[in-house]
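Trainee: Got a file for you: target_7.cif, mmCIF, C-alpha atoms.
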```
data_my_file
loop_
_atom_site.label_atom_id
_atom_site.label_comp_id
_atom_site.auth_asym_id
_atom_site.auth_seq_id
_atom_site.Cartn_x
_atom_site.Cartn_y
_atom_site.Cartn_z
CA PHE A 1 -1.29 11.59 -4.54
CA PHE A 2 -0.75 7.89 -3.98
CA ARG A 3 -0.33 6.57 -7.51
CA VAL A 4 -1.14 2.97 -8.35
CA LEU A 5 0.94 1.41 -11.12
CA SER A 6 -1.80 -0.94 -12.31
CA THR A 7 -5.57 -1.22 -12.25
CA MET A 8 -8.07 -3.89 -11.17
CA LYS A 9 -6.17 -4.53 -7.97
CA LEU A 10 -6.79 -5.92 -4.50
CA PHE A 11 -4.73 -4.21 -1.81
CA ALA A 12 -5.78 -5.79 1.45
CA ILE A 13 -7.85 -8.27 3.40
CA VAL A 14 -8.53 -7.13 6.96
CA VAL A 15 -10.53 -8.95 9.65
CA PHE A 16 -11.80 -7.10 12.71
CA LYS A 17 -13.40 -7.98 16.03
CA TRP A 18 -15.92 -5.28 16.89
CA GLN A 19 -18.29 -4.32 19.67
CA ASP A 20 -20.43 -1.27 20.24
CA GLY A 21 -18.69 1.60 21.97
CA ALA A 22 -15.14 0.40 21.30
CA LYS A 23 -12.59 0.67 18.53
CA PRO A 24 -12.49 -2.52 16.45
CA ILE A 25 -9.52 -4.80 17.00
CA LEU A 26 -7.61 -5.79 13.86
CA LEU A 27 -7.36 -9.55 14.27
CA SER A 28 -5.61 -10.54 11.03
CA SER A 29 -4.65 -9.00 7.71
CA ALA A 30 -2.87 -9.52 4.40
CA TRP A 31 -1.46 -6.78 2.17
CA ASP A 32 -0.30 -6.32 -1.41
CA LEU A 33 1.02 -2.77 -1.84
CA GLY A 34 3.61 -3.55 -4.50
CA SER A 35 1.79 -1.34 -7.01
CA PHE A 36 2.61 1.76 -4.93
CA ASN A 37 5.88 3.64 -4.85
CA LEU A 38 8.24 1.99 -2.37
CA PHE A 39 8.56 5.13 -0.26
CA GLN A 40 4.80 5.57 0.00
CA ARG A 41 3.83 2.06 1.06
CA SER A 42 4.06 2.60 4.81
CA THR A 43 1.89 5.72 4.63
CA VAL A 44 -0.56 4.01 2.26
CA LYS A 45 -0.90 1.12 4.70
CA ASP A 46 -1.51 3.53 7.59
CA PHE A 47 -4.29 5.31 5.73
CA MET A 48 -5.88 2.09 4.49
CA THR A 49 -5.84 0.70 8.03
CA MET A 50 -7.52 3.86 9.32
CA MET A 51 -10.12 3.65 6.55
CA ALA A 52 -10.78 -0.03 7.27
CA ARG A 53 -11.12 0.48 11.04
CA THR A 54 -13.47 3.42 10.54
CA VAL A 55 -15.68 1.40 8.19
CA ALA A 56 -15.64 -1.65 10.49
CA GLU A 57 -16.68 0.54 13.43
CA ARG A 58 -19.41 2.54 11.74
CA ALA A 59 -20.94 0.24 9.14
CA GLN A 60 -24.32 -1.20 10.03
CA ALA A 61 -24.12 -4.66 11.60
CA GLY A 62 -25.67 -7.45 9.60
CA THR A 63 -24.91 -5.82 6.25
CA ARG A 64 -22.48 -5.82 3.39
CA GLN A 65 -21.42 -2.31 2.54
CA GLN A 66 -19.33 -0.57 -0.11
CA VAL A 67 -17.52 2.59 0.99
CA GLU A 68 -15.56 4.68 -1.47
CA GLN A 69 -12.75 7.15 -0.88
CA ASP A 70 -11.28 8.74 -3.96
CA GLU A 71 -9.80 5.92 -6.07
CA TYR A 72 -10.27 3.20 -3.47
CA VAL A 73 -13.16 1.08 -2.25
CA ALA A 74 -13.64 -0.88 0.97
CA TYR A 75 -16.07 -3.79 0.82
CA VAL A 76 -17.16 -4.84 4.29
CA HIS A 77 -19.22 -7.76 5.54
CA LYS A 78 -20.08 -6.94 9.13
CA LYS A 79 -21.71 -9.80 11.00
CA THR A 80 -23.87 -9.31 14.07
CA ASP A 81 -21.68 -11.68 16.11
CA GLY A 82 -18.78 -9.21 16.35
CA LEU A 83 -16.74 -10.25 13.32
CA ALA A 84 -16.18 -8.14 10.21
CA SER A 85 -14.07 -8.60 7.09
CA LEU A 86 -12.98 -5.93 4.64
CA ILE A 87 -11.56 -6.11 1.16
CA ILE A 88 -9.80 -2.96 -0.07
CA ALA A 89 -9.54 -2.62 -3.85
CA ASP A 90 -9.35 -0.05 -6.60
CA LYS A 91 -12.51 1.02 -8.38
CA GLU A 92 -11.75 -1.19 -11.37
CA TYR A 93 -12.12 -4.41 -9.38
CA PRO A 94 -15.64 -5.89 -9.91
CA GLU A 95 -17.84 -5.10 -6.92
CA ARG A 96 -19.82 -8.36 -7.09
CA VAL A 97 -16.64 -10.42 -6.87
CA ALA A 98 -15.29 -8.23 -4.06
CA PHE A 99 -18.49 -8.54 -2.02
CA THR A 100 -18.57 -12.32 -2.44
CA PHE A 101 -14.89 -12.53 -1.52
CA ALA A 102 -15.49 -10.48 1.65
CA SER A 103 -18.31 -12.82 2.62
CA LYS A 104 -16.13 -15.88 2.00
CA VAL A 105 -13.36 -14.44 4.15
CA VAL A 106 -15.60 -13.70 7.14
CA MET A 107 -17.36 -17.08 6.95
CA ASP A 108 -14.10 -19.03 6.64
CA TYR A 109 -12.58 -17.04 9.48
CA SER A 110 -15.59 -17.58 11.70
CA GLU A 111 -15.37 -21.34 11.14
CA LYS A 112 -11.60 -21.90 11.22
CA GLN A 113 -10.77 -19.44 14.01
CA LYS A 114 -13.74 -20.33 16.17
CA GLY A 115 -12.81 -20.27 19.84
CA LYS A 116 -9.87 -17.92 19.21
CA TRP A 117 -11.18 -14.57 18.05
CA GLU A 118 -14.03 -14.50 20.59
CA SER A 119 -11.67 -14.76 23.57
CA LYS A 120 -11.36 -11.77 25.91
CA ASP A 121 -7.59 -12.27 25.69
CA VAL A 122 -7.75 -11.22 22.04
CA ASN A 123 -7.52 -7.48 22.59
CA THR A 124 -4.54 -6.27 20.53
CA ASP A 125 -4.04 -5.78 16.81
CA ASN A 126 -2.58 -8.53 14.63
CA CYS A 127 -2.92 -11.15 17.35
CA ILE A 128 -4.03 -14.06 15.14
CA ASP A 129 -1.73 -15.14 12.31
CA VAL A 130 -3.66 -16.54 9.34
CA PRO A 131 -1.30 -17.25 6.40
CA GLN A 132 -4.27 -18.33 4.27
CA LEU A 133 -5.29 -14.68 3.93
CA THR A 134 -2.06 -13.90 2.06
CA ALA A 135 -2.63 -16.88 -0.24
CA ASP A 136 -6.23 -15.81 -0.87
CA LEU A 137 -5.20 -12.23 -1.62
CA ALA A 138 -2.78 -13.46 -4.29
CA LYS A 139 -5.27 -15.99 -5.69
CA TYR A 140 -8.08 -13.47 -6.15
CA GLN A 141 -6.03 -10.71 -7.77
CA ASP A 142 -7.43 -11.94 -11.08
CA PRO A 143 -11.19 -11.23 -10.75
CA MET A 144 -12.06 -13.61 -13.59
CA GLU A 145 -10.33 -16.49 -11.85
CA ALA A 146 -11.78 -15.39 -8.52
CA ASP A 147 -15.26 -15.36 -10.02
CA LYS A 148 -14.89 -18.98 -11.11
CA ILE A 149 -13.91 -20.01 -7.58
CA LEU A 150 -16.44 -17.88 -5.76
CA LYS A 151 -19.37 -19.02 -7.89
CA ILE A 152 -19.40 -22.24 -5.90
CA GLN A 153 -19.82 -20.29 -2.68
CA LYS A 154 -23.37 -19.93 -1.39
CA ASP A 155 -24.36 -16.29 -1.54
CA LEU A 156 -25.90 -14.79 1.58
CA ASP A 157 -29.30 -13.71 0.36
CA ASP A 158 -30.37 -12.68 3.86
CA THR A 159 -27.52 -10.20 4.19
CA LYS A 160 -28.53 -6.68 3.29
CA THR A 161 -26.15 -4.92 0.92
CA ILE A 162 -25.70 -1.16 1.13
CA MET A 163 -24.05 0.22 -1.98
CA HIS A 164 -22.07 3.30 -3.02
CA GLN A 165 -21.39 5.19 0.17
CA ALA A 166 -18.53 7.60 0.64
CA ILE A 167 -16.38 7.64 3.76
CA GLY A 168 -17.98 10.99 4.63
CA ASP A 169 -21.36 9.29 4.93
CA LEU A 170 -20.04 7.41 7.97
CA LEU A 171 -19.01 10.55 9.83
CA GLU A 172 -21.18 11.86 12.61
CA ARG A 173 -22.87 15.25 12.32
CA GLY A 174 -20.28 17.99 12.68
CA GLU A 175 -17.40 15.54 12.40
CA LYS A 176 -14.75 16.11 9.75
CA LEU A 177 -12.20 13.87 8.10
CA ASP A 178 -9.51 16.02 9.69
CA ASP A 179 -10.83 14.96 13.09
CA LEU A 180 -10.43 11.27 12.23
CA VAL A 181 -6.90 11.85 11.01
CA ALA A 182 -5.94 13.82 14.12
CA MET A 183 -7.31 11.22 16.52
CA SER A 184 -6.34 8.07 14.62
CA GLY A 185 -3.97 5.68 16.32
CA ASP A 186 -3.32 4.03 12.96
CA LEU A 187 -1.44 7.02 11.58
CA GLY A 188 2.12 7.74 12.58
CA SER A 189 3.53 11.25 12.70
CA ALA A 190 4.90 10.94 9.16
CA SER A 191 1.50 9.94 7.78
CA LYS A 192 -0.25 12.80 9.58
CA ALA A 193 2.38 15.23 8.30
CA PHE A 194 1.84 13.88 4.77
CA TYR A 195 -1.91 14.46 5.05
CA ALA A 196 -1.42 17.99 6.39
CA GLY A 197 1.05 18.84 3.63
CA ALA A 198 -1.18 17.45 0.90
CA LYS A 199 -4.15 19.43 2.18
CA LYS A 200 -2.11 22.63 2.55
CA ASN A 201 -0.95 22.31 -1.06
CA ASN A 202 -4.55 21.69 -2.19
CA SER A 203 -3.50 18.23 -3.34
CA CYS A 204 -5.86 15.30 -3.07
CA CYS A 205 -4.46 12.75 -0.69
CA ARG A 206 -6.02 10.01 -2.82
CA MET A 207 -6.63 7.91 0.23
CA MET A 208 -8.41 9.73 3.02
#
```
Could you show the structure in this file as structure tokens?
Mentor:
Amino acid sequence: FFRVLSTMKLFAIVVFKWQDGAKPILLSSAWDLGSFNLFQRSTVKDFMTMMARTVAERAQAGTRQQVEQDEYVAYVHKKTDGLASLIIADKEYPERVAFTFASKVVMDYSEKQKGKWESKDVNTDNCIDVPQLTADLAKYQDPMEADKILKIQKDLDDTKTIMHQAIGDLLERGEKLDDLVAMSGDLGSASKAFYAGAKKNNSCCRMM
């Protein structure tokens, strides 16, 4: 339903602060949704944010994880210290590069924002402005160029990588995707209406 105009694309970098029993807080983000229809971009962003927050909340701490939903993939590096980074891309973008990029983002963020993100005062979305994320998102759109840069980064051999999960694998027993949509604070009324209409018409939402 959401049609991308090009392939091999990065859509977002999102960094979360998480703790058990609470919804993750979206600390910082960068977006590139120019490949979507202008009138769909707000709804696409809503659904991607919901997907990212769900993955950040439910992925296993201390792992890197790949979670697919239709044509899109979220690559998460969830550290045990309460910080998690996600890269959202299409399925054409090389997974090895995406995983390494996610690890670079979370490590850089942990170092450069140390003393900020851990604060108890940091309790609302988009509370830390990090312009470098926008620059990185643009820089790594070309996976071949990104691979050259990321090869100099030390890979985290002690970080377990869980591959090829679907968003449904993160749902609790008896829980449905409709439940997430209904309860999500990331989706406005227009986005929820879009999802309901797409489902009613037996159309794939192509996002959630």
Trainee: Mind checking which residues fall within 10 Å of Val55 (chain A), counting only C-alpha atoms, ignoring those fewer than 5 positions away in the same chain, and posting them as a list in words?
Mentor: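 Neighbouring residues, sequence-local ones excluded: Pro24, Thr49, Met50, Gln60, Gln65, Gln66, Val67, Ala74, Tyr75, Val76, Lys78, Ala84, Leu86, Ile167, Leu170 and Leu171 of chain A.
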Trainee: Pick out the closest residue to Trp18 (chain A) from this set: A:Ser42, A:Ser103, A:Ser85, A:Asn126. Count only C-alpha atoms.
Mentor: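 Nearest candidate to Trp18 (chain A) out of A:Ser42, A:Ser103, A:Ser85, A:Asn126: A:Ser85.
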Trainee: Using only C-alpha atoms, which residues sit within 9 Å of Arg96 (chain A) once same-chain residues fewer than 4 positions away are excluded, as a list in words?
Mentor: Thr100, Phe101 and Asp147 of chain A
Trainee: Starting from the displayed file, determine the output of the PyMOL selection byres ((chain A and resi 43) around 9) and express the residue list as a PyMOL selection string.
Mentor: chain A and resi 39-42+44-48+187-188+190-192+194
Trainee: Which one of A:Ala98, A:Ile25, A:Met107, A:Ala30 sits closest to Asp142 (chain A) if you count only C-alpha atoms?
Mentor: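 Closest to Asp142 (chain A), using only C-alpha atoms: A:Ala98.
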Trainee: Could you tell me which of A:Ser119, A:Val106, A:Met51, A:Lys23 comes closest to Arg64 (chain A) if we count all atoms listed in the file?
Mentor: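 Looking at the shortest contact to Arg64 (chain A), the residue is A:Val106.
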Trainee: Rank nothing, just name the residue among A:Val105, A:Asn37, A:Ala146, A:Glu118 nearest to Val130 (chain A), using only C-alpha atoms.
Mentor: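 Ranked by minimum distance to Val130 (chain A), first place goes to A:Val105.
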Trainee: What does the structure give for the distance between CA of Gln19 (chain A) and CA of Thr124 (chain A), in Å to one decimal?
Mentor: 13.9 Å
